[in-house]
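Enquirer: Take this structure, written in structure tokens, and hold onto it; I'll ask about it next.
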Amino acid sequence: MLQNFMKNVWTPLKPYYTQVYQEIWIGMGVMGYIVYKIRSADKKSKALKGSDSAAPAHRHH
Amino acid sequence: MNENLFAPFITPTIMGITTLPIIMIFPCIILSTPKRWLPNRIQTLQIWLIRQITKQMLSMHNTRGRTWALMLMSLILFIASTNLLGLLPYSFTPTTQLAMNIGMAIPLWLATVIMGFRNKPKVSLAHFLPQGTPTPLIPMLIIIETISLFIQPLALAVRLTANITAGHLLIHLIGSATLALSSISMTVSTITFTILFLLTILELAVAMIQAYVFTLLVSLYLHDNS
């Protein structure tokens, strides 16, 4: 199956993936970094919001 | 009403698993590649259409820019087919999701910018200052050109998202207005139905035009930088 993949996909498209689209891979890397940053910021703000709503509940004994 | 209005834009899930990859790959099924020298009618039609678009769109590029032909053609076919399929009732349009459009716009735009700086750095930097500006205006104009450069990917993505989402919302609203008015006054309902008909024709045009605009702008950025 891998041989079929290599023969049908990789061999005809190898010059594109290795030379022509180099900058697109860099762009995809930058975009992945931006997505990672946004997701981690979202997680942090959600965790902060969760602990904020939990802490006052604990304070009222 | 609010929940109902934006429900078509939620990514469909089957038992918690998102079906988005299947939906995005679906247009590939309607675009088939011929295995014979003389393909059947629909394949001939599709190939003729793709060749016409390729010729028209790549006529302005040089040799280096034409290496992007595959990417640009895939882009316009994907956006046009997903937009048109989204006009069917109860279907989901991936291009209404801002995340997907930013995912298409940022790598392509960044690739054109990096290509420009890598191959022709002086010309790329010279784009920040149009010809014939008076000397006192130069610092401000460079700032403005930099801002306009960085806004390009966001504008590409938001333009596509907003146009398609707004069109779908309008169809939903006017359709429900027609239905609600049909029990109150038939004439007003007929007028609203005519508006809906015209709007659907507009949406068909918008679906294809947005695909064209997106690809054209990417190819324009490519032309500047290749």
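Just remember, in the structure tokens the first chain shown is A, the second B, etc., residues are 1-based per chain, and ligands are 1-based in the order shown.
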Select, as an NGL selection string, those residues of chain B with any atom no more than 6 Å from chain A (distances computed using only C-alpha atoms).

Expert: :B and (107 or 110-111)

Enquirer: If we count only C-alpha atoms and set the cut-off at 12 Å, which residues sit around Leu149 in chain B, ignoring sequence neighbours fewer than 3 positions away in its own chain? Please answer as a list in words.

Expert: Ile106, Trp109, Leu110, Thr112, Val113, Ser124, Leu125, His127, Phe128, Leu129, Ile142, Ile143, Ile144, Glu145, Thr146, Gln152, Pro153, Leu154, Ala155, Leu156 and Tyr221 of chain B

Enquirer: Please save N, CA and C atoms of the selected residues as an mmCIF file, in the first residue's frame.

Expert:
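Heads up, here's the output in part32.cif:
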```
data_model
loop_
_atom_site.group_PDB
_atom_site.id
_atom_site.type_symbol
_atom_site.label_atom_id
_atom_site.label_comp_id
_atom_site.auth_asym_id
_atom_site.auth_seq_id
_atom_site.Cartn_x
_atom_site.Cartn_y
_atom_site.Cartn_z
ATOM 1 N N ILE B 106 -3.423 32.338 5.542
ATOM 2 C CA ILE B 106 -2.117 32.693 6.118
ATOM 3 C C ILE B 106 -0.968 31.943 5.453
ATOM 4 N N TRP B 109 -0.484 33.417 1.777
ATOM 5 C CA TRP B 109 0.016 34.792 1.749
ATOM 6 C C TRP B 109 1.456 34.862 2.229
ATOM 7 N N LEU B 110 1.722 34.140 3.357
ATOM 8 C CA LEU B 110 3.068 34.157 3.912
ATOM 9 C C LEU B 110 4.063 33.562 2.929
ATOM 10 N N THR B 112 3.858 33.742 -0.332
ATOM 11 C CA THR B 112 4.190 34.723 -1.367
ATOM 12 C C THR B 112 5.147 35.779 -0.836
ATOM 13 N N VAL B 113 4.957 36.195 0.421
ATOM 14 C CA VAL B 113 5.850 37.219 0.991
ATOM 15 C C VAL B 113 7.267 36.671 1.132
ATOM 16 N N SER B 124 10.920 43.548 -3.339
ATOM 17 C CA SER B 124 9.889 43.334 -2.319
ATOM 18 C C SER B 124 9.852 44.487 -1.331
ATOM 19 N N LEU B 125 11.053 44.959 -0.932
ATOM 20 C CA LEU B 125 11.057 46.091 -0.009
ATOM 21 C C LEU B 125 10.561 47.351 -0.688
ATOM 22 N N HIS B 127 8.184 47.604 -2.648
ATOM 23 C CA HIS B 127 6.728 47.665 -2.709
ATOM 24 C C HIS B 127 6.128 48.482 -1.597
ATOM 25 N N PHE B 128 6.918 48.716 -0.531
ATOM 26 C CA PHE B 128 6.377 49.481 0.581
ATOM 27 C C PHE B 128 6.270 50.958 0.281
ATOM 28 N N LEU B 129 6.879 51.395 -0.831
ATOM 29 C CA LEU B 129 6.846 52.812 -1.139
ATOM 30 C C LEU B 129 6.431 52.982 -2.584
ATOM 31 N N ILE B 142 5.114 54.454 4.554
ATOM 32 C CA ILE B 142 5.717 53.143 4.794
ATOM 33 C C ILE B 142 4.966 52.417 5.899
ATOM 34 N N ILE B 143 4.590 53.182 6.943
ATOM 35 C CA ILE B 143 3.822 52.546 8.022
ATOM 36 C C ILE B 143 2.493 52.027 7.477
ATOM 37 N N ILE B 144 1.845 52.855 6.654
ATOM 38 C CA ILE B 144 0.547 52.451 6.116
ATOM 39 C C ILE B 144 0.682 51.220 5.226
ATOM 40 N N GLU B 145 1.738 51.192 4.405
ATOM 41 C CA GLU B 145 1.913 50.041 3.516
ATOM 42 C C GLU B 145 2.206 48.775 4.310
ATOM 43 N N THR B 146 2.973 48.914 5.434
ATOM 44 C CA THR B 146 3.249 47.730 6.264
ATOM 45 C C THR B 146 1.971 47.194 6.872
ATOM 46 N N GLN B 152 -3.489 41.801 4.759
ATOM 47 C CA GLN B 152 -3.904 41.008 3.590
ATOM 48 C C GLN B 152 -4.447 39.625 3.938
ATOM 49 N N PRO B 153 -3.753 38.792 4.781
ATOM 50 C CA PRO B 153 -4.326 37.461 5.031
ATOM 51 C C PRO B 153 -5.633 37.524 5.785
ATOM 52 N N LEU B 154 -5.714 38.459 6.773
ATOM 53 C CA LEU B 154 -6.966 38.568 7.524
ATOM 54 C C LEU B 154 -8.105 38.992 6.617
ATOM 55 N N ALA B 155 -7.813 39.924 5.704
ATOM 56 C CA ALA B 155 -8.860 40.382 4.789
ATOM 57 C C ALA B 155 -9.311 39.251 3.886
ATOM 58 N N LEU B 156 -8.349 38.467 3.380
ATOM 59 C CA LEU B 156 -8.706 37.328 2.523
ATOM 60 C C LEU B 156 -9.663 36.391 3.251
ATOM 61 N N TYR B 221 -0.786 38.465 -5.251
ATOM 62 C CA TYR B 221 0.327 38.566 -4.313
ATOM 63 C C TYR B 221 1.505 37.766 -4.834
#
```

Enquirer: So how far away is CA of Ser81 in chain B from CA of Gln43 in chain B, in Å?

Expert: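 Calculated distance between CA of Gln43 in chain B and CA of Ser81 in chain B is 15.3 Å.
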
Enquirer: For CA of Gly167 in chain B and CA of Leu75 in chain B, determine how far apart the two atoms are, in Å to one decimal place.

Expert: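 These two atoms are separated by 20.8 Å.
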
Enquirer: Find, counting only C-alpha atoms, the residue in B:Ala166, B:Leu204, B:Met186, B:Leu72 that gets nearest to Leu220 in chain B.

Expert: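 For Leu220 in chain B, the nearest of the given residues is B:Leu72.
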
Enquirer: Quick one: contact table of range 82-106 of chain B to range 11-16 of chain B, 12 Å max, nearest atom pair and distance in Å to one decimal per residue, counting only C-alpha atoms, chain and number order, as CSV?

Expert:
```
residue,atom,partner,partner_atom,distance
B:Tyr90,CA,B:Pro12,CA,10.9
B:Ser91,CA,B:Pro12,CA,9.8
B:Phe92,CA,B:Thr11,CA,7.5
B:Thr93,CA,B:Thr11,CA,9.0
B:Pro94,CA,B:Thr11,CA,8.2
B:Thr95,CA,B:Thr11,CA,11.2
B:Thr96,CA,B:Thr11,CA,10.0
B:Gln97,CA,B:Thr11,CA,8.6
B:Ala99,CA,B:Thr11,CA,11.7
B:Met100,CA,B:Thr11,CA,11.7
```

Enquirer: For the residues in the current selection, export N, CA and C atoms as a tab-separated table (two decimals), in the first residue's frame.

Expert:
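Resulting contents of selection32.tsv:
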```tsv
chain	number	residue	atom	x	y	z
B	90	TYR	N	-29.91	21.97	4.17
B	90	TYR	CA	-29.39	21.09	5.21
B	90	TYR	C	-27.93	20.71	5.00
B	91	SER	N	-27.19	21.44	4.18
B	91	SER	CA	-25.78	21.09	4.01
B	91	SER	C	-24.93	22.03	4.84
B	92	PHE	N	-23.69	21.60	5.07
B	92	PHE	CA	-22.75	22.37	5.87
B	92	PHE	C	-21.65	22.88	4.95
B	93	THR	N	-21.32	24.16	5.08
B	93	THR	CA	-20.28	24.75	4.25
B	93	THR	C	-19.04	24.97	5.09
B	94	PRO	N	-17.95	24.28	4.79
B	94	PRO	CA	-16.74	24.48	5.60
B	94	PRO	C	-16.20	25.90	5.50
B	95	THR	N	-16.46	26.59	4.38
B	95	THR	CA	-15.88	27.92	4.23
B	95	THR	C	-16.57	28.97	5.10
B	96	THR	N	-17.63	28.60	5.81
B	96	THR	CA	-18.19	29.56	6.76
B	96	THR	C	-17.40	29.62	8.05
B	97	GLN	N	-16.51	28.66	8.25
B	97	GLN	CA	-15.71	28.65	9.48
B	97	GLN	C	-14.48	29.53	9.27
B	99	ALA	N	-11.90	29.69	10.99
B	99	ALA	CA	-10.64	28.97	11.22
B	99	ALA	C	-10.13	28.37	9.93
B	100	MET	N	-11.02	27.81	9.13
B	100	MET	CA	-10.57	27.18	7.89
B	100	MET	C	-10.06	28.22	6.90
```

Enquirer: Would you mind reading off the distance between CA of Phe6 in chain B and CA of Leu85 in chain B, one decimal, in Å?

Expert: 18.3 Å

Enquirer: Residues of chain A classed as alpha helix (DSSP H) by DSSP on the backbone are to be reported as a ChimeraX atom specification.

Expert: /A:2-5,11-15,22-59

Enquirer: May I have the selected residues written with C-alpha atoms, as an mmCIF file, in the first residue's frame?

Expert:
```
data_model
loop_
_atom_site.group_PDB
_atom_site.id
_atom_site.type_symbol
_atom_site.label_atom_id
_atom_site.label_comp_id
_atom_site.auth_asym_id
_atom_site.auth_seq_id
_atom_site.Cartn_x
_atom_site.Cartn_y
_atom_site.Cartn_z
ATOM 1 C CA LEU A 2 2.896 2.287 0.820
ATOM 2 C CA GLN A 3 4.468 1.423 -2.525
ATOM 3 C CA ASN A 4 1.272 2.423 -4.299
ATOM 4 C CA PHE A 5 1.240 5.664 -2.384
ATOM 5 C CA THR A 11 6.884 10.489 -7.239
ATOM 6 C CA PRO A 12 4.862 12.849 -9.422
ATOM 7 C CA LEU A 13 4.546 15.481 -6.695
ATOM 8 C CA LYS A 14 8.083 15.302 -5.277
ATOM 9 C CA PRO A 15 9.403 18.475 -7.001
ATOM 10 C CA GLN A 22 8.942 25.312 0.565
ATOM 11 C CA GLU A 23 7.540 28.662 1.588
ATOM 12 C CA ILE A 24 4.071 27.168 2.027
ATOM 13 C CA TRP A 25 5.481 24.684 4.553
ATOM 14 C CA ILE A 26 7.042 27.569 6.423
ATOM 15 C CA GLY A 27 3.680 29.383 6.299
ATOM 16 C CA MET A 28 1.942 26.271 7.627
ATOM 17 C CA GLY A 29 4.459 26.105 10.458
ATOM 18 C CA VAL A 30 3.805 29.732 11.392
ATOM 19 C CA MET A 31 0.075 29.124 11.239
ATOM 20 C CA GLY A 32 0.404 26.030 13.429
ATOM 21 C CA TYR A 33 2.338 28.100 15.936
ATOM 22 C CA ILE A 34 -0.388 30.777 15.947
ATOM 23 C CA VAL A 35 -3.083 28.098 16.417
ATOM 24 C CA TYR A 36 -1.081 26.565 19.292
ATOM 25 C CA LYS A 37 -0.706 29.968 20.950
ATOM 26 C CA ILE A 38 -4.409 30.760 20.635
ATOM 27 C CA ARG A 39 -5.432 27.345 21.944
ATOM 28 C CA SER A 40 -3.096 27.497 24.942
ATOM 29 C CA ALA A 41 -4.241 31.029 25.778
ATOM 30 C CA ASP A 42 -7.831 29.845 25.610
ATOM 31 C CA LYS A 43 -7.050 26.921 27.917
ATOM 32 C CA LYS A 44 -5.264 29.194 30.379
ATOM 33 C CA SER A 45 -8.112 31.682 30.474
ATOM 34 C CA LYS A 46 -10.656 28.882 30.924
ATOM 35 C CA ALA A 47 -8.582 27.363 33.761
ATOM 36 C CA LEU A 48 -8.293 30.793 35.359
ATOM 37 C CA LYS A 49 -12.025 31.330 35.060
ATOM 38 C CA GLY A 50 -12.673 27.894 36.592
ATOM 39 C CA SER A 51 -10.397 28.489 39.577
ATOM 40 C CA ASP A 52 -11.860 31.986 40.030
ATOM 41 C CA SER A 53 -15.382 30.637 40.289
ATOM 42 C CA ALA A 54 -14.235 27.768 42.556
ATOM 43 C CA ALA A 55 -12.164 29.912 44.981
ATOM 44 C CA PRO A 56 -14.930 32.248 46.257
ATOM 45 C CA ALA A 57 -17.182 29.221 46.745
ATOM 46 C CA HIS A 58 -14.516 27.715 49.008
ATOM 47 C CA ARG A 59 -14.134 30.955 50.966
#
```

Enquirer: Compile the contact shell of Leu84 in chain B as a PyMOL selection string: residues with an atom at most 12 Å away, counting only C-alpha atoms, same-chain residues fewer than 6 positions apart removed.

Expert: chain B and resi 27+76-78+91-95+164+167-168+200-211
